[in-house]
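Q: Encoded as structure tokens, here's the structure I'll be asking about.
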Amino acid sequence: DCAWIYGNENEVGEALQKVFKEGIVKREDLFITSKLWNESHAPEDVPGSVQASLKNLGLDYLDLYLIHWPRGIRKGAVPTDLKEGDVYNYSEERFKGTWSAMEDA
């Protein structure tokens with residue numbers, strides 16, 4: 001389980017490449033998930049986010065790519081600045097457009 005916001009995709013990718021190279025496990029034997037971060041909900045941002053995750057993980061595909069939260073945040077908003085009921089930092093992107101772009105990516 002990875003996500004851009006976790007900051008673990010590079011490390012997980014390095015570990016995956018090592019175990020693949022050593023023959024410990026095959027790619028097809030793993031189910032790998034990552035998530036679209038909240039400031040990338042604009043449909044035009046989705047393909048680049050998917051590609052960045054794939055590059056960071058050193059993979060050709062993900063088994064599951066999720067929308068991290070159902071509500072996006074504005075670009076540059078700091079997640080820790082969001083408070084209960086805070087609408088200031090939320091983006092106007094709606095998840096249906098985001099989801100459609102994820103299917104296309």
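Starting from 1 in every chain, residues are counted up; chains themselves are A, B, ... following the order of the structure tokens, and ligands are numbered from 1 as listed.
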I'd like to know which residues of chain A are strand (DSSP E) (by DSSP, run on the backbone); could you write them as a list in words?
A: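 Selecting the strand (DSSP E) positions of chain A gives Thr33, Ser34, Lys35, Leu36, Leu64, Tyr65, Leu66 and Ile67 of chain A.
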Q: Using only C-alpha atoms, which of A:Ser100, A:Ser40, A:Gln17, A:Ser49 sits nearest Ala77 in chain A?
A: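 With only C-alpha atoms as the atom set, the closest residue is A:Ser40.
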Q: Closest to Tyr65 in chain A among A:Ile24, A:Ala42, A:Ala15, A:Cys2, using only C-alpha atoms?
A: A:Cys2
Q: Could you tell me how far CA of Trp69 in chain A sits from CA of Gly97 in chain A, in Å to one decimal place?
A: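 Interatomic distance, CA of Gly97 in chain A to CA of Trp69 in chain A: 14.0 Å.
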Q: I need the alpha helix (DSSP H) residues of chain A per DSSP on the backbone, written as a compact mmCIF listing (two decimals) with C-alpha atoms, in the first residue's frame.
A:
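Final file, result21.txt:
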# COMPACT_ATOMS: atom_id res chain seq x y z
CA GLU A 9 6.95 4.92 -3.23
CA ASN A 10 10.67 5.24 -3.98
CA GLU A 11 11.67 3.00 -1.07
CA VAL A 12 9.00 0.44 -1.84
CA GLY A 13 10.06 0.53 -5.49
CA GLU A 14 13.70 -0.13 -4.58
CA ALA A 15 12.68 -3.06 -2.37
CA LEU A 16 10.44 -4.48 -5.11
CA GLN A 17 13.17 -4.28 -7.72
CA LYS A 18 15.56 -6.06 -5.34
CA VAL A 19 13.21 -8.98 -4.62
CA PHE A 20 12.28 -9.27 -8.30
CA LYS A 21 15.95 -9.36 -9.32
CA VAL A 46 -4.43 12.21 -13.13
CA PRO A 47 -2.25 10.71 -15.92
CA GLY A 48 0.87 12.45 -14.64
CA SER A 49 0.17 11.29 -11.09
CA VAL A 50 -0.30 7.70 -12.23
CA GLN A 51 2.93 7.85 -14.25
CA ALA A 52 4.84 9.39 -11.32
CA SER A 53 3.72 6.56 -9.03
CA LEU A 54 4.68 3.93 -11.62
CA LYS A 55 8.10 5.55 -12.09
CA ASN A 56 8.70 5.86 -8.34
CA LEU A 57 7.75 2.21 -7.85
CA PHE A 95 -14.72 12.83 -7.98
CA LYS A 96 -16.72 11.63 -11.00
CA GLY A 97 -14.42 13.52 -13.37
CA THR A 98 -11.41 12.34 -11.40
CA TRP A 99 -12.58 8.73 -11.56
CA SER A 100 -13.23 8.92 -15.28
CA ALA A 101 -9.68 10.24 -15.83
CA MET A 102 -8.29 7.41 -13.70
CA GLU A 103 -10.09 4.86 -15.87
CA ASP A 104 -8.53 6.44 -18.96
Q: Which polymer residues have any atom within 8 Å of an atom of Leu62 in chain A, counting only C-alpha atoms, with same-chain residues fewer than 4 positions away left out, as a compact mmCIF listing (two decimals) with all heavy atoms, in the first residue's frame?
A:
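The resulting file, selection03.txt, is reproduced below:
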# COMPACT_ATOMS: atom_id res chain seq x y z
N PHE A 31 0.00 -7.90 -5.29
CA PHE A 31 -1.09 -6.97 -5.55
C PHE A 31 -0.66 -5.64 -4.98
O PHE A 31 -0.59 -5.46 -3.76
CB PHE A 31 -2.38 -7.46 -4.89
CG PHE A 31 -3.60 -6.71 -5.34
CD1 PHE A 31 -4.33 -7.14 -6.43
CD2 PHE A 31 -4.01 -5.56 -4.67
CE1 PHE A 31 -5.45 -6.46 -6.85
CE2 PHE A 31 -5.13 -4.87 -5.09
CZ PHE A 31 -5.86 -5.32 -6.18
N ILE A 32 -0.36 -4.69 -5.87
CA ILE A 32 0.23 -3.43 -5.43
C ILE A 32 -0.77 -2.29 -5.65
O ILE A 32 -1.33 -2.14 -6.74
CB ILE A 32 1.55 -3.16 -6.18
CG1 ILE A 32 2.52 -4.30 -5.88
CG2 ILE A 32 2.14 -1.81 -5.77
CD1 ILE A 32 3.80 -4.27 -6.67
N THR A 33 -0.95 -1.51 -4.60
CA THR A 33 -1.91 -0.42 -4.58
C THR A 33 -1.18 0.90 -4.34
O THR A 33 -0.23 0.97 -3.57
CB THR A 33 -2.91 -0.62 -3.42
OG1 THR A 33 -3.56 -1.86 -3.58
CG2 THR A 33 -3.92 0.50 -3.35
N SER A 34 -1.63 1.93 -5.01
CA SER A 34 -1.21 3.29 -4.66
C SER A 34 -2.43 4.19 -4.77
O SER A 34 -3.52 3.73 -5.13
CB SER A 34 -0.06 3.78 -5.55
OG SER A 34 0.56 4.91 -4.93
N LEU A 54 4.06 5.07 -10.92
CA LEU A 54 4.68 3.93 -11.62
C LEU A 54 6.20 4.10 -11.69
O LEU A 54 6.95 3.15 -11.43
CB LEU A 54 4.10 3.78 -13.02
CG LEU A 54 2.65 3.30 -13.08
CD1 LEU A 54 2.12 3.41 -14.51
CD2 LEU A 54 2.53 1.87 -12.56
Q: Separation of CA of Leu30 in chain A and CA of Asp60 in chain A, in Å?
A: 13.1 Å
Q: Using only C-alpha atoms, determine which residues lie at most 10 Å from Ile5 in chain A, disregarding the query and same-chain residues fewer than 6 positions distant; provide the list as a PyMOL selection string.
A: chain A and resi 35-38+68+79
Q: Grab the residues selected above and save them as a PDB file, in the first residue's frame with N, CA and C atoms.
A:
ATOM      1  N   LYS A  35      -2.231   5.465  -4.425  1.00  0.00           N
ATOM      2  CA  LYS A  35      -3.373   6.367  -4.334  1.00  0.00           C
ATOM      3  C   LYS A  35      -3.066   7.718  -4.957  1.00  0.00           C
ATOM      4  N   LEU A  36      -4.099   8.283  -5.567  1.00  0.00           N
ATOM      5  CA  LEU A  36      -4.041   9.620  -6.128  1.00  0.00           C
ATOM      6  C   LEU A  36      -4.144  10.629  -4.996  1.00  0.00           C
ATOM      7  N   TRP A  37      -3.153  11.525  -4.906  1.00  0.00           N
ATOM      8  CA  TRP A  37      -3.196  12.526  -3.844  1.00  0.00           C
ATOM      9  C   TRP A  37      -4.246  13.588  -4.143  1.00  0.00           C
ATOM     10  N   ASN A  38      -4.674  14.252  -3.107  1.00  0.00           N
ATOM     11  CA  ASN A  38      -5.834  15.137  -3.135  1.00  0.00           C
ATOM     12  C   ASN A  38      -5.686  16.375  -4.001  1.00  0.00           C
ATOM     13  N   HIS A  68      -7.410   8.909  -2.985  1.00  0.00           N
ATOM     14  CA  HIS A  68      -7.063   8.869  -1.568  1.00  0.00           C
ATOM     15  C   HIS A  68      -8.209   9.360  -0.688  1.00  0.00           C
ATOM     16  N   PRO A  79      -2.085  19.624   3.916  1.00  0.00           N
ATOM     17  CA  PRO A  79      -3.116  18.762   4.507  1.00  0.00           C
ATOM     18  C   PRO A  79      -3.327  18.988   5.996  1.00  0.00           C
TER      19      PRO A  79
END
Q: Could you tell me how far CA of Gly72 in chain A sits from CA of Glu39 in chain A, in Å to one decimal place?
A: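 Interatomic distance here is 5.7 Å.
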Q: Using only C-alpha atoms, which of A:Glu22, A:Ala3, A:Glu44, A:Asn8 sits nearest Leu64 in chain A?
A: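 For Leu64 in chain A, the nearest of the candidates is A:Ala3.
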